[in-house]
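What follows is a short report on a single structure.
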Number of protein chains: 2
Amino acid sequence: MKIAIAQLNYHIGNFEGNLKKMLQAVEEAKIKGADMIVFGELSTCGYPPRDFLEFDDFISKSEASIQELLKASKNIAIVVGSPTRNPVIEGKDLYNSALFLYDEKIQHTQHKALLPTYDIFDEYRYFEPATEFNVVEFKGKKIALTVCEDIWNVGNENPLYVTCPLDELQGQNPDFVVNLSASPFNYRHANTRIHVLKANVERYGLPMFYVNHSGAQTEVIFDGGSLVISPDGNIFDELPYFKELVKVYDLDEVNKGGVHRVQPKDKIALIHDAIVTGIKDYFGKLGFKKAILGLSGGIDSAVTAALAARALGPENVLNVLMPSEFSSGHSVSDAEQLAQNFGMPYKIIPIKNIYDSFMGALSPHFEGRPFNVTEENLQARSRGVILMGLSNKFGHILLNTSNKSEMAVGYGTLYGDMCGGLSVIGDVYKMDVYALARYINKDGELIPENTIVKPPSAELRPGQKDSDSLPDYEILDEVLFEYIENCQGPKEIIAKGFDEKLVARVLRLVNINEFKRYQTAPVLRVSSKAFGMGRRMPIVGKYLS
Amino acid sequence: MKIAIAQLNYHIGNFEGNLKKMLQAVEEAKIKGADMIVFGELSTCGYPPRDFLEFDDFISKSEASIQELLKASKNIAIVVGSPTRNPVIEGKDLYNSALFLYDEKIQHTQHKALLPTYDIFDEYRYFEPATEFNVVEFKGKKIALTVCEDIWNVGNENPLYVTCPLDELQGQNPDFVVNLSASPFNYRHANTRIHVLKANVERYGLPMFYVNHSGAQTEVIFDGGSLVISPDGNIFDELPYFKELVKVYDLDEVNKGGVHRVQPKDKIALIHDAIVTGIKDYFGKLGFKKAILGLSGGIDSAVTAALAARALGPENVLNVLMPSEFSSGHSVSDAEQLAQNFGMPYKIIPIKNIYDSFMGALSPHFEGRPFNVTEENLQARSRGVILMGLSNKFGHILLNTSNKSEMAVGYGTLYGDMCGGLSVIGDVYKMDVYALARYINKDGELIPENTIVKPPSAELRPGQKDSDSLPDYEILDEVLFEYIENCQGPKEIIAKGFDEKLVARVLRLVNINEFKRYQTAPVLRVSSKAFGMGRRMPIVGKYLS
């Protein structure tokens, strides 16, 4: 039996586009002699569809796609993910299902049992969990269909769940396992995924065909990396990351095993490719081509611009240099050099007159109070308005350049440097932004060396340095990682050897700046815990603040 | 037996403050001769605690509060809501529980079974549902403890759930039902709540003591309105809305019944009081006293200012009038009149010089393109920066003045008039904003009549009116209500008699402006479906766009 895996980049709610893509993949698989083709989870509608699922019309459109796919299932079995209706009144209205189409009939439907409801996932908001599990028979083989999370509770050892679908299916003696996934990228996920799949193979001794999405849906990035695992536990194949493709496997070959293919999983390289994918799909799926951003001469905007140039083409990234009286000479020259190195267009628009006009209007009302963060913010906001003006006039999307460390502690100006339609590096800690810069420069200096080595500064007052008001990023990033990614409280973090006062200060800064993050752009998610939908914190909460 | 209801305003994560409040209520109940006192759901930590629940330290702090309450339980039973740990490895780590404390011991713990996971609710994200149900015996009475949603599946008729806790408890012959709630306000909720409670009484024939929170947590507002229902189905008492209080009831009196007390439930009056509560608690719980807002002479900012004046005191609301060349003469005079009527301070800061400085910097880069939305947005953003400058200098919180109709269709400028720390009327459709204005004026003209009767305009270009680019608000609001609150698709809305093209256009506008709403302030929630956490839509989604 020949099994095709279709690792595709879907678009949420774009039923027509997704269907066309799937029908093309079916044709390709037929030509390559496949007996069946497997798509990803909720492939008719894209993932995550969120509250679109609450519209009856949305579900009907997904059903219409299934009807079209049925017509194409005459000589090939099609395994597709779709929301289906729960006919029973009690419980949620929908199931998250894998449908097995063949000979123009829905031969089998297997609902998902384990509904992730943590981090960015809200599946229990929409779906009723499966309670029945059955294999499907096809050309003399018994197939265990599973949907994503259903294979993540191996032998019931995942503390989140109380059932294990493959334990239920085992008694029916399946010949192989198919898994339809929509499993989002983080820089550790490819390894975790392989670990989980191997644990399943070890327990059941069955070959597995794991099909993931590729491409990004706003902040959620799918890396592909679909897997075929042999019963001997070897990786028979791992599909490339961040690419769409259809590939056909002979079940006998897979069963033989003895082949082990691996792809490199370097953290920084993966983050780089994930962000490039994220930018590309955000623009492509919204129908935009051009980006604009403010280039300060600092590391964050330099890395953002470089990633945008790779995603959209350098000619489509407009850089705006907006020096003030506090900008150092090298700021402009470093920024110019960067734009030239990549071949990106740039403009220089000084903000002095604008800043002066704000101060002219406001200072009579400031009651003689001294220069403080207000005037710093006025500069950042003058720049934000300039960028949005150009963005509006020419239809460019403004890219936000804030990194995760500064977003965490609120070191940024709301409606100023926190402007932008998409946060490019908002899930990358400052030390990793440096690593990204080095990675971008691995074949030659694209980001000027001076941008990388100079002490970070917002340049909003004379001689300002980040280190005046923040701990060193080496330490700050570690404390933030413990608090944000690892959910460790102050006691646990201090126990790891960090200074008590520093920990209290950093955690307080994170918590009292929730109101700023609430109003920022969606953040391309590359870690296991990004700001946004995956981290839901009260604003008026008094905890550790 | 005498039962005290404590309808309190908790503060998320403020364990010390919540505990102090509860201990004071215990003292008050003791003085009033109560045998037991009942607090709200998750009263130790406040509701909704969201991802704070993922911190072990947060749960420990809640357990510490229980220890303190135990010490106070020598002569009075205390029924308190708290997260508790699930000792079993499988399943979620926590339960959402009602604890019955007496004689310095936890006599009984009843976990919540029905975990709301829709709209703003994410309970399945954190909690394992209860599977065991037992009454607690106290002074010869059997008490059925329930937590909030547990009484909302009367006889298993709620399609969201498959169990009915009171059906389970009925066999143990309880004498009365206690319900610990944190049930957020919407303008229909008080009626719905009474309907559900009466349905329970009708089914089980038992008196019910329903205890709700009062006060607001960022966008989520609790109206109180705690209820005591007699076995005859009459409302023995309904506690006041938006107020904290402790009240004691004699069980025998409640059982006698024959008394029926009702409070008025006028939609606009409720919305008015809810928003005033929301503003007051947002400021109070964050430790702020003063608000600032831009007053345009239009209805939205006028109503926002009026509500803020009632919440914070007029002397604490700074109004800024920022006329441009497109502002009509009456804009300034109407706004001045409003500020004077309420006794609120105001400043006039024209934006001409600032706008000119932006145009001076930008027009050389605009390549001769004509005046369009870019220049309109520059005016709105100039105003946003002025307001934020004053906000930063004096520590005021900026109030956002956008209404729900314009937020829905994207009729507002990101980083301009969409600025602000809190959206005051962002869940109020335009027609209801007018109704609110009339309600505020019911005892005399506070909001100038001209502000109410003139055609709405953003005044960003000569002679601009909202009706140039939007359908009449009477129609727009109805279409939006069907789409947003009722989740109706285009077919269903058209079937109600609305024009096909208009419906397609409005729904498209709502969907393509998701990116703007993603970046706006939390919206005080007064309807059953507000923008924000309760409505989760993809940004790159291609559905109806």
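Each chain in the structure tokens gets a letter, A, B, ..., in the order shown, and its residues are numbered from 1; ligands are numbered from 1 in order too.
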
So that each row is one residue of chain A with an atom at most 6 Å from chain B, can you give its shortest atom pair and the distance in Å to one decimal, using only C-alpha atoms, rows by chain and rising number, as a tab-separated table?
residue	atom	partner	partner_atom	distance
A:Ile12	CA	B:Gly541	CA	4.7
A:Gly13	CA	B:Tyr543	CA	4.5
A:Asn14	CA	B:Lys542	CA	5.0
A:Arg50	CA	B:Met537	CA	5.7
A:Asp51	CA	B:Arg536	CA	5.4
A:Phe55	CA	B:Cys487	CA	5.8
A:Asp57	CA	B:Gly489	CA	5.8
A:Ile89	CA	B:Pro159	CA	5.5
A:Glu90	CA	B:Pro159	CA	4.4
A:Gly91	CA	B:Leu160	CA	4.6
A:Lys92	CA	B:Leu160	CA	5.2
A:Thr117	CA	B:Arg125	CA	5.0
A:Tyr118	CA	B:Arg125	CA	5.4
A:Arg125	CA	B:Thr117	CA	5.0
A:Pro159	CA	B:Glu90	CA	4.4
A:Leu160	CA	B:Gly91	CA	4.6
A:Tyr161	CA	B:Gly91	CA	4.7
A:Val162	CA	B:Glu90	CA	5.4
A:Thr218	CA	B:Val540	CA	5.7
A:Leu286	CA	B:Val540	CA	5.9
A:Ile354	CA	B:Ser357	CA	5.2
A:Ser357	CA	B:Ile354	CA	5.2
A:Thr374	CA	B:Asn392	CA	5.3
A:Gly389	CA	B:Thr374	CA	5.7
A:Asn392	CA	B:Thr374	CA	5.2
A:Lys393	CA	B:Thr374	CA	5.6
A:Tyr415	CA	B:Tyr415	CA	5.4
A:Cys487	CA	B:Phe55	CA	5.8
A:Gly489	CA	B:Asp57	CA	5.8
A:Gln519	CA	B:Gln519	CA	4.1
A:Thr520	CA	B:Gln519	CA	5.3
A:Arg536	CA	B:Asp51	CA	5.4
A:Met537	CA	B:Asp51	CA	5.6
A:Val540	CA	B:Thr218	CA	5.7
A:Gly541	CA	B:Ile12	CA	4.8
A:Lys542	CA	B:Gly13	CA	4.9
A:Tyr543	CA	B:Gly13	CA	4.5

May I have the selected residues written with C-alpha atoms, as a compact mmCIF listing (two decimals), in the first residue's frame?
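Once written, selection_17.txt looks like this:
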# COMPACT_ATOMS: atom_id res chain seq x y z
CA ILE A 12 -8.13 29.94 8.03
CA GLY A 13 -11.62 30.33 6.57
CA ASN A 14 -10.34 30.29 2.98
CA ARG A 50 -11.26 30.08 16.86
CA ASP A 51 -14.76 31.58 17.20
CA PHE A 55 -21.06 30.19 13.00
CA ASP A 57 -22.44 28.94 8.04
CA ILE A 89 -28.07 17.66 22.11
CA GLU A 90 -25.98 17.26 25.27
CA GLY A 91 -22.38 18.38 25.05
CA LYS A 92 -20.66 20.80 22.68
CA THR A 117 -7.02 23.63 26.30
CA TYR A 118 -3.83 25.35 27.43
CA ARG A 125 -14.34 25.77 23.97
CA PRO A 159 -1.09 14.45 33.42
CA LEU A 160 -3.48 16.57 31.36
CA TYR A 161 -5.69 13.69 30.26
CA VAL A 162 -7.48 10.64 31.56
CA THR A 218 -1.12 35.29 12.21
CA LEU A 286 -3.71 39.44 4.19
CA ILE A 354 7.52 67.47 15.33
CA SER A 357 5.58 71.30 18.05
CA THR A 374 6.86 61.89 29.16
CA GLY A 389 1.46 58.04 8.11
CA ASN A 392 -1.41 54.57 5.50
CA LYS A 393 -0.37 56.56 2.44
CA TYR A 415 1.62 53.91 20.64
CA CYS A 487 5.88 29.33 35.39
CA GLY A 489 7.31 31.71 41.30
CA GLN A 519 -2.55 46.51 23.34
CA THR A 520 0.35 45.27 21.24
CA ARG A 536 -3.70 35.16 29.71
CA MET A 537 -3.10 37.48 32.61
CA VAL A 540 -5.91 44.64 37.54
CA GLY A 541 -4.39 41.56 39.21
CA LYS A 542 -2.47 42.38 42.34
CA TYR A 543 -0.27 39.27 42.34

Using only C-alpha atoms, which protein or nucleic acid residues come within 12 Å of Leu312 (chain B)? Drop anything in the same chain fewer than 6 positions from it, and give the result as a tab-separated table (two decimals) with N, CA and C atoms, in the first residue's frame.
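Contents of around10.tsv, freshly written:
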chain	number	residue	atom	x	y	z
B	275	ILE	N	-21.10	50.44	34.02
B	275	ILE	CA	-19.92	51.14	33.51
B	275	ILE	C	-19.31	52.01	34.60
B	276	VAL	N	-20.16	52.68	35.39
B	276	VAL	CA	-19.63	53.48	36.49
B	276	VAL	C	-18.82	52.59	37.45
B	277	THR	N	-19.35	51.41	37.75
B	277	THR	CA	-18.63	50.44	38.58
B	277	THR	C	-17.33	50.02	37.92
B	278	GLY	N	-17.39	49.76	36.62
B	278	GLY	CA	-16.20	49.31	35.89
B	278	GLY	C	-15.08	50.34	35.93
B	279	ILE	N	-15.43	51.61	35.70
B	279	ILE	CA	-14.40	52.67	35.74
B	279	ILE	C	-13.83	52.78	37.15
B	280	LYS	N	-14.72	52.83	38.11
B	280	LYS	CA	-14.32	53.02	39.51
B	280	LYS	C	-13.33	51.94	39.95
B	281	ASP	N	-13.66	50.70	39.65
B	281	ASP	CA	-12.80	49.60	40.11
B	281	ASP	C	-11.52	49.49	39.30
B	282	TYR	N	-11.56	49.85	38.01
B	282	TYR	CA	-10.33	49.81	37.22
B	282	TYR	C	-9.32	50.78	37.84
B	283	PHE	N	-9.77	51.96	38.15
B	283	PHE	CA	-8.88	52.96	38.76
B	283	PHE	C	-8.51	52.55	40.18
B	284	GLY	N	-9.50	52.19	40.96
B	284	GLY	CA	-9.25	51.87	42.37
B	284	GLY	C	-8.29	50.70	42.53
B	288	PHE	N	-5.11	54.27	40.87
B	288	PHE	CA	-5.15	55.57	40.20
B	288	PHE	C	-6.40	56.33	40.63
B	289	LYS	N	-6.33	57.65	40.52
B	289	LYS	CA	-7.48	58.48	40.91
B	289	LYS	C	-8.04	59.31	39.77
B	290	LYS	N	-7.15	59.67	38.84
B	290	LYS	CA	-7.55	60.67	37.85
B	290	LYS	C	-7.56	60.14	36.42
B	291	ALA	N	-8.55	60.60	35.67
B	291	ALA	CA	-8.69	60.21	34.28
B	291	ALA	C	-8.50	61.42	33.38
B	292	ILE	N	-8.11	61.13	32.14
B	292	ILE	CA	-8.03	62.17	31.13
B	292	ILE	C	-8.74	61.63	29.90
B	304	THR	N	-18.85	59.31	27.70
B	304	THR	CA	-17.70	58.75	28.42
B	304	THR	C	-17.30	59.67	29.58
B	305	ALA	N	-17.23	60.98	29.30
B	305	ALA	CA	-16.85	61.93	30.35
B	305	ALA	C	-17.87	61.93	31.48
B	306	ALA	N	-19.15	61.88	31.12
B	306	ALA	CA	-20.20	61.90	32.14
B	306	ALA	C	-20.09	60.68	33.05
B	318	LEU	N	-10.06	65.06	33.68
B	318	LEU	CA	-9.52	66.17	32.89
B	318	LEU	C	-9.91	66.00	31.43
B	344	MET	N	-16.22	69.68	35.52
B	344	MET	CA	-14.96	68.98	35.24
B	344	MET	C	-13.95	69.98	34.68
B	396	HIS	N	-2.35	60.38	34.91
B	396	HIS	CA	-3.77	60.10	34.68
B	396	HIS	C	-3.89	58.89	33.75
B	397	ILE	N	-5.00	58.18	33.86
B	397	ILE	CA	-5.26	57.12	32.88
B	397	ILE	C	-6.14	57.69	31.78

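Rounded to one decimal, CA of Lys21 (chain B) and CA of Asn86 (chain B) lie 27.4 Å from each other.
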
Requested in this report: Pick out each residue of region 5-164 of chain A that DSSP on the backbone tags as helix (DSSP H, G or I); I need them as a PyMOL selection string.
Outcome: chain A and resi 15-31+50-54+56-71+123-125+148-151+154-156

Query raised in the report: Please, which residues of region 339-539 of chain A, numbered as in this document, come out strand (DSSP E) from DSSP, as number ranges by chain?
Result: A: 346-348, 397-400, 422-423

Could you pull the residues within 7 Å of region 181-189 of chain B, counting only C-alpha atoms, minus those fewer than 2 positions along the same chain, as a JSON list (two decimals) with C-alpha atoms, in the first residue's frame?
[["chain", "number", "residue", "atom", "x", "y", "z"],
["B", 40, "GLY", "CA", -18.52, 33.84, 46.27],
["B", 41, "GLU", "CA", -16.72, 31.51, 43.86],
["B", 47, "TYR", "CA", -12.31, 35.92, 39.56],
["B", 147, "VAL", "CA", -20.40, 26.36, 42.43],
["B", 148, "CYS", "CA", -21.82, 28.84, 39.89],
["B", 179, "ASN", "CA", -24.46, 28.37, 45.27],
["B", 191, "ASN", "CA", -33.36, 38.21, 34.40],
["B", 192, "THR", "CA", -31.66, 35.09, 33.07],
["B", 193, "ARG", "CA", -30.25, 34.33, 36.50],
["B", 211, "VAL", "CA", -24.10, 34.44, 46.31],
["B", 212, "ASN", "CA", -22.47, 36.52, 43.59],
["B", 213, "HIS", "CA", -19.47, 38.84, 43.45],
["B", 220, "VAL", "CA", -15.40, 41.82, 33.69],
["B", 221, "ILE", "CA", -18.10, 43.43, 35.83],
["B", 222, "PHE", "CA", -20.03, 41.63, 38.57],
["B", 223, "ASP", "CA", -23.38, 43.09, 39.46],
["B", 267, "LYS", "CA", -31.34, 47.97, 30.34],
["B", 270, "LEU", "CA", -28.09, 48.82, 34.37],
["B", 271, "ILE", "CA", -25.53, 49.60, 31.69],
["B", 526, "VAL", "CA", -22.02, 44.98, 29.41],
["B", 527, "SER", "CA", -23.48, 42.71, 26.72],
["B", 528, "SER", "CA", -23.41, 38.97, 26.28]]

Excluding Phe326 (chain A) and any residue of its chain fewer than 3 positions from it, enumerate the residues within 6 Å of it, using only C-alpha atoms, and give them as a compact mmCIF listing (two decimals) with N, CA and C atoms, in the first residue's frame.
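What landed in part-v1.txt:
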# COMPACT_ATOMS: atom_id res chain seq x y z
N GLU A 459 18.17 55.78 23.31
CA GLU A 459 18.56 57.12 22.83
C GLU A 459 17.41 58.12 22.93
N LEU A 460 16.76 58.16 24.08
CA LEU A 460 15.66 59.10 24.26
C LEU A 460 16.02 60.22 25.23
N ARG A 461 17.21 60.11 25.85
CA ARG A 461 17.77 61.23 26.63
C ARG A 461 19.28 61.12 26.53
N PRO A 462 20.01 62.20 26.91
CA PRO A 462 21.46 62.20 26.68
C PRO A 462 22.16 61.02 27.37

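Using only C-alpha atoms, the shortest contact distance between Ser333 (chain A) and any of A:Val262, A:Arg383, A:Pro448, A:Ala274 is found at A:Pro448.
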